[in-house]
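Q: Dropping in input.cif, with mmCIF, C-alpha atoms, pLDDT in the B column; chains and numbers go by the auth columns.
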```
data_coords
#
loop_
_atom_site.group_PDB
_atom_site.id
_atom_site.type_symbol
_atom_site.label_atom_id
_atom_site.label_comp_id
_atom_site.label_asym_id
_atom_site.label_seq_id
_atom_site.Cartn_x
_atom_site.Cartn_y
_atom_site.Cartn_z
_atom_site.B_iso_or_equiv
_atom_site.auth_seq_id
_atom_site.auth_asym_id
ATOM 1 C CA MET A 1 -4.962 -8.675 -11.272 63.00 1 A
ATOM 2 C CA ALA A 2 -2.173 -7.368 -9.180 77.00 2 A
ATOM 3 C CA GLU A 3 -1.383 -7.492 -5.527 85.00 3 A
ATOM 4 C CA LEU A 4 0.565 -5.191 -3.316 88.00 4 A
ATOM 5 C CA VAL A 5 2.686 -6.536 -0.462 91.00 5 A
ATOM 6 C CA ARG A 6 4.121 -4.467 2.360 91.00 6 A
ATOM 7 C CA GLU A 7 6.009 -5.700 5.416 92.00 7 A
ATOM 8 C CA ILE A 8 7.321 -3.961 8.469 94.00 8 A
ATOM 9 C CA MET A 9 9.068 -5.161 11.649 94.00 9 A
ATOM 10 C CA ILE A 10 7.551 -3.736 14.809 95.00 10 A
ATOM 11 C CA ASP A 11 9.274 -3.816 18.155 94.00 11 A
ATOM 12 C CA ALA A 12 6.119 -4.894 19.992 95.00 12 A
ATOM 13 C CA THR A 13 4.196 -8.099 20.623 95.00 13 A
ATOM 14 C CA PRO A 14 1.148 -9.192 18.588 96.00 14 A
ATOM 15 C CA GLU A 15 -0.918 -8.637 21.775 96.00 15 A
ATOM 16 C CA THR A 16 0.118 -4.971 21.765 95.00 16 A
ATOM 17 C CA ILE A 17 -0.426 -4.498 18.033 95.00 17 A
ATOM 18 C CA TRP A 18 -3.790 -6.297 17.739 96.00 18 A
ATOM 19 C CA PRO A 19 -5.964 -3.599 19.392 95.00 19 A
ATOM 20 C CA PHE A 20 -4.668 -1.062 16.872 95.00 20 A
ATOM 21 C CA LEU A 21 -6.197 -3.206 14.131 95.00 21 A
ATOM 22 C CA THR A 22 -9.491 -3.924 15.826 96.00 22 A
ATOM 23 C CA GLU A 23 -10.475 -1.051 18.156 96.00 23 A
ATOM 24 C CA PRO A 24 -11.838 2.087 16.442 95.00 24 A
ATOM 25 C CA GLY A 25 -10.225 4.480 18.927 94.00 25 A
ATOM 26 C CA LYS A 26 -6.822 2.888 18.443 94.00 26 A
ATOM 27 C CA HIS A 27 -7.237 2.360 14.704 94.00 27 A
ATOM 28 C CA ILE A 28 -7.427 6.104 14.079 93.00 28 A
ATOM 29 C CA GLU A 29 -4.107 6.552 15.844 92.00 29 A
ATOM 30 C CA TRP A 30 -2.473 5.172 12.696 93.00 30 A
ATOM 31 C CA ASP A 31 -5.078 4.990 9.940 91.00 31 A
ATOM 32 C CA GLY A 32 -8.006 7.286 9.304 91.00 32 A
ATOM 33 C CA THR A 33 -9.680 10.114 11.157 91.00 33 A
ATOM 34 C CA VAL A 34 -12.935 8.242 11.764 93.00 34 A
ATOM 35 C CA ALA A 35 -13.134 4.464 12.019 94.00 35 A
ATOM 36 C CA GLU A 36 -16.335 2.468 12.171 96.00 36 A
ATOM 37 C CA ILE A 37 -15.110 -1.097 12.436 97.00 37 A
ATOM 38 C CA ASP A 38 -16.747 -4.266 13.649 97.00 38 A
ATOM 39 C CA PRO A 39 -14.033 -6.924 13.432 97.00 39 A
ATOM 40 C CA ARG A 40 -15.964 -10.164 12.958 97.00 40 A
ATOM 41 C CA PRO A 41 -16.840 -11.913 9.693 97.00 41 A
ATOM 42 C CA GLY A 42 -19.477 -9.826 7.902 97.00 42 A
ATOM 43 C CA GLY A 43 -18.793 -6.865 10.178 97.00 43 A
ATOM 44 C CA VAL A 44 -18.385 -3.391 8.734 97.00 44 A
ATOM 45 C CA TYR A 45 -15.036 -1.802 7.869 97.00 45 A
ATOM 46 C CA ARG A 46 -15.329 1.951 7.277 96.00 46 A
ATOM 47 C CA VAL A 47 -12.344 4.212 7.683 94.00 47 A
ATOM 48 C CA LEU A 48 -12.432 7.870 6.712 93.00 48 A
ATOM 49 C CA VAL A 49 -8.985 8.881 5.494 89.00 49 A
ATOM 50 C CA ALA A 50 -7.674 12.432 5.803 84.00 50 A
ATOM 51 C CA GLY A 51 -11.182 13.544 6.691 86.00 51 A
ATOM 52 C CA GLN A 52 -12.419 13.169 3.123 87.00 52 A
ATOM 53 C CA HIS A 53 -11.728 9.790 1.524 89.00 53 A
ATOM 54 C CA GLN A 54 -14.146 7.119 2.676 94.00 54 A
ATOM 55 C CA SER A 55 -12.805 3.591 2.458 94.00 55 A
ATOM 56 C CA ALA A 56 -15.308 0.799 2.944 96.00 56 A
ATOM 57 C CA GLY A 57 -15.597 -2.952 3.033 96.00 57 A
ATOM 58 C CA GLU A 58 -16.372 -5.740 5.424 97.00 58 A
ATOM 59 C CA TYR A 59 -14.465 -8.233 7.520 98.00 59 A
ATOM 60 C CA VAL A 60 -13.958 -11.671 6.050 97.00 60 A
ATOM 61 C CA GLU A 61 -11.728 -13.360 8.612 98.00 61 A
ATOM 62 C CA VAL A 62 -10.624 -12.392 12.095 98.00 62 A
ATOM 63 C CA ASP A 63 -8.082 -14.592 13.870 98.00 63 A
ATOM 64 C CA PRO A 64 -7.143 -12.812 17.131 97.00 64 A
ATOM 65 C CA MET A 65 -3.473 -11.778 17.469 97.00 65 A
ATOM 66 C CA ARG A 66 -2.700 -13.424 14.115 98.00 66 A
ATOM 67 C CA LYS A 67 -4.662 -12.296 11.126 98.00 67 A
ATOM 68 C CA VAL A 68 -7.384 -9.981 9.891 97.00 68 A
ATOM 69 C CA VAL A 69 -8.875 -10.002 6.385 98.00 69 A
ATOM 70 C CA PHE A 70 -11.334 -7.449 5.049 97.00 70 A
ATOM 71 C CA THR A 71 -12.664 -6.316 1.694 97.00 71 A
ATOM 72 C CA PHE A 72 -11.649 -2.826 0.721 94.00 72 A
ATOM 73 C CA GLY A 73 -12.514 -0.023 -1.679 92.00 73 A
ATOM 74 C CA TRP A 74 -13.276 3.665 -1.918 91.00 74 A
ATOM 75 C CA GLU A 75 -16.775 5.110 -1.772 92.00 75 A
ATOM 76 C CA GLN A 76 -16.120 7.710 -4.389 85.00 76 A
ATOM 77 C CA GLU A 77 -18.296 7.924 -7.488 81.00 77 A
ATOM 78 C CA GLY A 78 -16.416 6.333 -10.366 76.00 78 A
ATOM 79 C CA HIS A 79 -13.405 5.249 -8.320 81.00 79 A
ATOM 80 C CA PRO A 80 -11.638 2.310 -9.997 80.00 80 A
ATOM 81 C CA ILE A 81 -11.533 0.464 -6.659 86.00 81 A
ATOM 82 C CA PRO A 82 -15.146 0.393 -5.454 87.00 82 A
ATOM 83 C CA PRO A 83 -16.022 -0.922 -1.960 92.00 83 A
ATOM 84 C CA GLY A 84 -15.772 -4.681 -1.753 88.00 84 A
ATOM 85 C CA SER A 85 -13.768 -5.019 -4.954 87.00 85 A
ATOM 86 C CA THR A 86 -10.400 -5.796 -3.360 92.00 86 A
ATOM 87 C CA THR A 87 -9.173 -7.657 -0.271 95.00 87 A
ATOM 88 C CA VAL A 88 -6.655 -6.652 2.381 95.00 88 A
ATOM 89 C CA GLU A 89 -4.997 -9.253 4.595 96.00 89 A
ATOM 90 C CA ILE A 90 -2.877 -8.224 7.572 96.00 90 A
ATOM 91 C CA THR A 91 -0.911 -10.923 9.398 96.00 91 A
ATOM 92 C CA LEU A 92 1.126 -10.710 12.596 96.00 92 A
ATOM 93 C CA GLN A 93 4.078 -13.080 12.860 97.00 93 A
ATOM 94 C CA PRO A 94 6.064 -12.993 16.121 97.00 94 A
ATOM 95 C CA GLU A 95 9.848 -13.097 15.681 96.00 95 A
ATOM 96 C CA GLY A 96 11.655 -13.002 19.018 94.00 96 A
ATOM 97 C CA ASP A 97 10.543 -9.860 20.856 91.00 97 A
ATOM 98 C CA LYS A 98 9.342 -8.307 17.619 94.00 98 A
ATOM 99 C CA THR A 99 6.493 -8.847 15.225 95.00 99 A
ATOM 100 C CA ARG A 100 6.578 -8.976 11.459 95.00 100 A
ATOM 101 C CA VAL A 101 3.471 -7.259 10.106 95.00 101 A
ATOM 102 C CA ARG A 102 2.626 -8.218 6.548 95.00 102 A
ATOM 103 C CA LEU A 103 -0.063 -6.504 4.505 94.00 103 A
ATOM 104 C CA VAL A 104 -1.257 -7.978 1.218 93.00 104 A
ATOM 105 C CA HIS A 105 -3.742 -5.998 -0.852 92.00 105 A
ATOM 106 C CA ARG A 106 -5.220 -8.305 -3.502 91.00 106 A
ATOM 107 C CA GLY A 107 -7.400 -7.842 -6.544 87.00 107 A
ATOM 108 C CA LEU A 108 -6.025 -4.494 -7.697 83.00 108 A
ATOM 109 C CA PRO A 109 -6.329 -3.336 -11.298 74.00 109 A
ATOM 110 C CA ASP A 110 -3.309 -4.675 -13.115 66.00 110 A
ATOM 111 C CA ASP A 111 -0.665 -2.254 -14.241 56.00 111 A
ATOM 112 C CA ALA A 112 1.590 -4.848 -15.829 38.00 112 A
ATOM 113 C CA VAL A 113 2.591 -3.908 -19.331 33.00 113 A
ATOM 114 C CA GLU A 114 3.008 -7.575 -20.244 35.00 114 A
ATOM 115 C CA ASP A 115 -0.618 -8.256 -19.543 39.00 115 A
ATOM 116 C CA HIS A 116 -2.342 -8.115 -22.908 37.00 116 A
ATOM 117 C CA GLY A 117 -5.822 -7.638 -21.694 42.00 117 A
ATOM 118 C CA ALA A 118 -6.486 -10.668 -19.526 46.00 118 A
ATOM 119 C CA GLY A 119 -6.250 -8.513 -16.422 45.00 119 A
ATOM 120 C CA TRP A 120 -8.403 -5.886 -17.961 46.00 120 A
ATOM 121 C CA ALA A 121 -11.008 -8.314 -19.134 49.00 121 A
ATOM 122 C CA HIS A 122 -11.111 -9.775 -15.656 51.00 122 A
ATOM 123 C CA TYR A 123 -11.373 -6.362 -14.060 48.00 123 A
ATOM 124 C CA LEU A 124 -14.066 -5.187 -16.427 48.00 124 A
ATOM 125 C CA GLN A 125 -16.005 -8.330 -15.727 51.00 125 A
ATOM 126 C CA ARG A 126 -15.849 -7.703 -11.985 52.00 126 A
ATOM 127 C CA LEU A 127 -16.822 -4.127 -12.566 45.00 127 A
ATOM 128 C CA ALA A 128 -19.720 -5.309 -14.706 46.00 128 A
ATOM 129 C CA VAL A 129 -20.967 -7.532 -11.912 51.00 129 A
ATOM 130 C CA ARG A 130 -20.561 -4.770 -9.336 52.00 130 A
ATOM 131 C CA VAL A 131 -22.329 -2.169 -11.427 45.00 131 A
ATOM 132 C CA GLY A 132 -25.102 -4.698 -11.945 48.00 132 A
ATOM 133 C CA GLY A 133 -25.569 -4.708 -8.175 55.00 133 A
ATOM 134 C CA ASP A 134 -24.243 -8.200 -7.554 60.00 134 A
ATOM 135 C CA ASP A 135 -21.228 -9.390 -5.651 62.00 135 A
ATOM 136 C CA PRO A 136 -18.464 -10.699 -7.928 59.00 136 A
ATOM 137 C CA GLY A 137 -17.147 -12.817 -5.065 61.00 137 A
ATOM 138 C CA PRO A 138 -13.558 -13.112 -3.948 57.00 138 A
ATOM 139 C CA ASP A 139 -11.039 -12.170 -6.569 55.00 139 A
ATOM 140 C CA ILE A 140 -8.950 -15.140 -7.608 52.00 140 A
ATOM 141 C CA GLY A 141 -7.222 -13.329 -10.429 52.00 141 A
ATOM 142 C CA PRO A 142 -7.592 -13.379 -14.201 48.00 142 A
ATOM 143 C CA GLY A 143 -7.662 -16.580 -16.138 41.00 143 A
ATOM 144 C CA ALA A 144 -9.845 -18.533 -13.751 37.00 144 A
ATOM 145 C CA GLY A 145 -13.202 -17.209 -14.826 35.00 145 A
ATOM 146 C CA ASP A 146 -12.508 -15.396 -18.084 32.00 146 A
ATOM 147 C CA MET B 1 -6.608 -2.729 -24.690 54.00 1 B
ATOM 148 C CA TRP B 2 -3.192 -2.316 -23.128 52.00 2 B
ATOM 149 C CA GLY B 3 -1.115 -2.278 -26.238 55.00 3 B
ATOM 150 C CA ARG B 4 -3.638 -0.902 -28.690 67.00 4 B
ATOM 151 C CA GLU B 5 -6.906 0.890 -28.997 77.00 5 B
ATOM 152 C CA LEU B 6 -10.053 -1.177 -29.236 79.00 6 B
ATOM 153 C CA PRO B 7 -13.557 -0.239 -30.260 80.00 7 B
ATOM 154 C CA ALA B 8 -16.238 -0.828 -27.619 78.00 8 B
ATOM 155 C CA THR B 9 -17.795 -3.553 -29.788 77.00 9 B
ATOM 156 C CA ASP B 10 -14.572 -5.625 -29.670 78.00 10 B
ATOM 157 C CA ILE B 11 -14.361 -5.175 -25.925 76.00 11 B
ATOM 158 C CA ALA B 12 -18.001 -6.246 -25.631 75.00 12 B
ATOM 159 C CA ASP B 13 -17.183 -9.443 -27.555 75.00 13 B
ATOM 160 C CA HIS B 14 -15.077 -10.524 -24.562 71.00 14 B
ATOM 161 C CA PHE B 15 -18.196 -10.542 -22.431 72.00 15 B
ATOM 162 C CA ALA B 16 -20.807 -12.721 -24.019 70.00 16 B
ATOM 163 C CA GLU B 17 -23.172 -12.344 -21.090 73.00 17 B
ATOM 164 C CA VAL B 18 -22.952 -8.556 -20.830 74.00 18 B
ATOM 165 C CA THR B 19 -24.849 -6.264 -23.192 78.00 19 B
ATOM 166 C CA ARG B 20 -23.027 -3.721 -25.313 78.00 20 B
ATOM 167 C CA SER B 21 -24.802 -0.839 -23.681 79.00 21 B
ATOM 168 C CA ALA B 22 -23.661 -2.139 -20.272 78.00 22 B
ATOM 169 C CA ILE B 23 -20.077 -2.334 -21.555 79.00 23 B
ATOM 170 C CA SER B 24 -20.315 1.255 -22.788 79.00 24 B
ATOM 171 C CA GLN B 25 -21.557 2.258 -19.366 78.00 25 B
ATOM 172 C CA HIS B 26 -18.620 0.530 -17.653 78.00 26 B
ATOM 173 C CA LEU B 27 -16.144 2.082 -20.043 81.00 27 B
ATOM 174 C CA GLY B 28 -17.721 5.412 -19.131 81.00 28 B
ATOM 175 C CA VAL B 29 -17.003 4.702 -15.457 77.00 29 B
ATOM 176 C CA LEU B 30 -13.382 3.812 -16.201 78.00 30 B
ATOM 177 C CA LYS B 31 -13.082 6.917 -18.374 81.00 31 B
ATOM 178 C CA ALA B 32 -14.474 9.102 -15.589 78.00 32 B
ATOM 179 C CA ALA B 33 -11.957 7.496 -13.222 73.00 33 B
ATOM 180 C CA GLY B 34 -9.228 8.406 -15.695 73.00 34 B
ATOM 181 C CA LEU B 35 -8.176 4.811 -16.301 75.00 35 B
ATOM 182 C CA VAL B 36 -9.076 4.604 -19.958 80.00 36 B
ATOM 183 C CA ILE B 37 -8.700 7.137 -22.726 82.00 37 B
ATOM 184 C CA GLU B 38 -11.434 7.493 -25.318 85.00 38 B
ATOM 185 C CA ARG B 39 -10.839 8.693 -28.854 86.00 39 B
ATOM 186 C CA ARG B 40 -13.478 9.287 -31.486 87.00 40 B
ATOM 187 C CA ASP B 41 -12.828 8.169 -35.006 84.00 41 B
ATOM 188 C CA GLY B 42 -15.829 9.234 -37.067 87.00 42 B
ATOM 189 C CA THR B 43 -18.785 7.505 -35.420 83.00 43 B
ATOM 190 C CA ARG B 44 -16.603 4.937 -33.640 84.00 44 B
ATOM 191 C CA ARG B 45 -15.291 5.318 -30.130 82.00 45 B
ATOM 192 C CA LEU B 46 -11.921 3.750 -29.452 84.00 46 B
ATOM 193 C CA TYR B 47 -10.568 2.950 -26.018 82.00 47 B
ATOM 194 C CA ARG B 48 -7.168 2.280 -24.576 80.00 48 B
ATOM 195 C CA ALA B 49 -5.920 1.883 -21.015 75.00 49 B
ATOM 196 C CA ASP B 50 -4.155 4.860 -19.504 76.00 50 B
ATOM 197 C CA ARG B 51 -1.042 3.286 -18.004 74.00 51 B
ATOM 198 C CA ALA B 52 0.129 6.526 -16.431 77.00 52 B
ATOM 199 C CA GLN B 53 -3.114 6.758 -14.442 77.00 53 B
ATOM 200 C CA MET B 54 -2.877 3.104 -13.436 78.00 54 B
ATOM 201 C CA LYS B 55 0.642 3.698 -12.189 80.00 55 B
ATOM 202 C CA LYS B 56 -0.547 6.739 -10.242 82.00 56 B
ATOM 203 C CA LEU B 57 -3.306 4.708 -8.622 84.00 57 B
ATOM 204 C CA ARG B 58 -0.780 2.020 -7.733 84.00 58 B
ATOM 205 C CA LYS B 59 1.604 4.560 -6.252 85.00 59 B
ATOM 206 C CA SER B 60 -1.068 6.250 -4.154 87.00 60 B
ATOM 207 C CA LEU B 61 -1.981 2.841 -2.671 89.00 61 B
ATOM 208 C CA ASP B 62 1.691 2.011 -2.070 90.00 62 B
ATOM 209 C CA ASP B 63 2.088 5.306 -0.235 91.00 63 B
ATOM 210 C CA TYR B 64 -1.135 4.834 1.708 93.00 64 B
ATOM 211 C CA TRP B 65 -0.170 1.429 3.127 94.00 65 B
ATOM 212 C CA THR B 66 3.509 2.233 3.608 94.00 66 B
ATOM 213 C CA THR B 67 2.701 5.361 5.586 94.00 67 B
ATOM 214 C CA GLY B 68 -0.019 3.484 7.463 95.00 68 B
ATOM 215 C CA LEU B 69 2.307 0.668 8.535 96.00 69 B
ATOM 216 C CA GLU B 70 4.994 3.126 9.630 95.00 70 B
ATOM 217 C CA ARG B 71 2.435 4.918 11.780 96.00 71 B
ATOM 218 C CA LEU B 72 1.219 1.587 13.145 97.00 72 B
ATOM 219 C CA ARG B 73 4.816 0.748 14.079 97.00 73 B
ATOM 220 C CA ASP B 74 5.252 4.097 15.851 96.00 74 B
ATOM 221 C CA VAL B 75 2.063 3.879 17.925 97.00 75 B
ATOM 222 C CA ALA B 76 2.471 0.158 18.710 97.00 76 B
ATOM 223 C CA GLU B 77 6.085 0.582 19.811 97.00 77 B
ATOM 224 C CA ALA B 78 5.074 3.510 22.030 96.00 78 B
ATOM 225 C CA ALA B 79 2.308 1.349 23.540 96.00 79 B
ATOM 226 C CA GLN B 80 4.792 -1.488 24.090 96.00 80 B
ATOM 227 C CA ARG B 81 7.193 0.839 25.919 96.00 81 B
ATOM 228 C CA GLU B 82 4.316 2.092 28.087 94.00 82 B
ATOM 229 C CA LYS B 83 3.416 -1.521 28.973 92.00 83 B
ATOM 230 C CA GLU B 84 6.986 -2.372 29.923 91.00 84 B
ATOM 231 C CA LYS B 85 7.255 0.701 32.160 88.00 85 B
ATOM 232 C CA ARG B 86 4.373 -0.490 34.272 77.00 86 B
#
```
If you took the structure in this file and wrote it as structure tokens, what would it be?
A:
Amino acid sequence: MAELVREIMIDATPETIWPFLTEPGKHIEWDGTVAEIDPRPGGVYRVLVAGQHQSAGEYVEVDPMRKVVFTFGWEQEGHPIPPGSTTVEITLQPEGDKTRVRLVHRGLPDDAVEDHGAGWAHYLQRLAVRVGGDDPGPDIGPGAGD
Amino acid sequence: MWGRELPATDIADHFAEVTRSAISQHLGVLKAAGLVIERRDGTRRLYRADRAQMKKLRKSLDDYWTTGLERLRDVAEAAQREKEKR
């Protein structure tokens, strides 16, 4: 399984940035056209992107001004990243007057050529569990449960 | 499945606890999503991963989060400037 990491320096304090991650009205100023978010563990995360792509998941961890973790996927029939199948972690790290914002999206289908099937087997297994209606649990990568 | 085609039965052998019909169903989902390519050889169905599609999926996510964070920076920095004006 692969992860995607993105970082950006923002010339603002964590206190200024935090509401944009946790308040629906502010969230749509940067991500989504409709946001239904309830930032507490177990709370819903639903962000409609570009008016047509529904992303969905739920909050796992909410540490005010520091970190937010939620599960993530797309509610589209047959989409390879179904709701709840991946995890997004956003952390805010103050550096002087600025804040380093780091986003890590974990549990993505692996696109590594070197991976001879372990990633796939892992992914298929998660998919199998999901399609069966159960929760495959947090993704800790291939190898652990295969 | 990455480097070579595999029949569904071989793929199913990786999952002792999952039935073959369930595996076929899942492969159907991945096929519909464009992530695997199916080829028929007589009565057998062979599958391989579609790397180009996987790369496309990866790129669309890269773009989604990169654009998102840049927009977050823009709105947060504007909010910060507003705060400091007051």
Q: If we count all atoms listed in the file, what is near A:Arg106 at a cut-off of 6 Å, once residues fewer than 2 positions away on the same chain are taken out, given as a list in words?
A: Glu3, Thr86, Thr87 and Leu108 of chain A
Q: I need the residue set behind the PyMOL selection byres ((chain A and resi 16-26) around 7) for this file; please write it as a PDB file with C-alpha atoms, keeping the file's coordinate frame.
A:
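The file below, selection_35.pdb, is the result:
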```pdb
ATOM      1  CA  ALA A  12       6.119  -4.894  19.992  1.00 95.00           C
ATOM      2  CA  THR A  13       4.196  -8.099  20.623  1.00 95.00           C
ATOM      3  CA  PRO A  14       1.148  -9.192  18.588  1.00 96.00           C
ATOM      4  CA  GLU A  15      -0.918  -8.637  21.775  1.00 96.00           C
ATOM      5  CA  HIS A  27      -7.237   2.360  14.704  1.00 94.00           C
ATOM      6  CA  ILE A  28      -7.427   6.104  14.079  1.00 93.00           C
ATOM      7  CA  GLU A  29      -4.107   6.552  15.844  1.00 92.00           C
ATOM      8  CA  ALA A  35     -13.134   4.464  12.019  1.00 94.00           C
ATOM      9  CA  GLU A  36     -16.335   2.468  12.171  1.00 96.00           C
ATOM     10  CA  ILE A  37     -15.110  -1.097  12.436  1.00 97.00           C
ATOM     11  CA  PRO A  39     -14.033  -6.924  13.432  1.00 97.00           C
ATOM     12  CA  MET A  65      -3.473 -11.778  17.469  1.00 97.00           C
TER      13      MET A  65
ATOM     14  CA  ALA B  76       2.471   0.158  18.710  1.00 97.00           C
ATOM     15  CA  ALA B  79       2.308   1.349  23.540  1.00 96.00           C
ATOM     16  CA  GLN B  80       4.792  -1.488  24.090  1.00 96.00           C
TER      17      GLN B  80
END
```
Q: Rank B:Ile37, B:Leu27, B:Ala8, B:Leu72 by their smallest atom-to-atom distance to chain A, using only C-alpha atoms, and report the top residue only.
A: B:Leu72
Q: What does the distance between atom CA of B:Leu69 and atom CA of A:Ile8 come to in Å, to one decimal place?
A: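 So the two atoms, atom CA of B:Leu69 and atom CA of A:Ile8, lie 6.8 Å apart.
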Q: Written as a ChimeraX atom specification, what is the full residue list that the PyMOL selection byres ((chain B) within 7 of (chain A)) yields on the file shown?
A: /B:1-3,26,29-30,32-33,51,54-55,66,68-69,71-73,76-77,79-80
Q: Any chance you could resolve the PyMOL selection byres ((chain B and resi 9) around 10) against this file and give the residues as an MDAnalysis selection string?
A: chainID B and resid 6:8 10:14 20:21 23:24 44:46
Q: Please tell me which residues are no farther than 8 Å from (-13.4, -1.8, 0.6) in the file, counting only C-alpha atoms, and write them as an MDAnalysis selection string.
A: chainID A and resid 45:46 55:58 70:74 81:87
Q: Quick check, in Å to one decimal: how far apart do atom CA of B:Tyr47 and atom CA of B:Gly34 lie?
A: 11.8 Å
Q: What is the distance between atom CA of A:Leu92 and atom CA of A:Arg66, in Å to one decimal?
A: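 Separating atom CA of A:Leu92 from atom CA of A:Arg66 is a distance of 4.9 Å.
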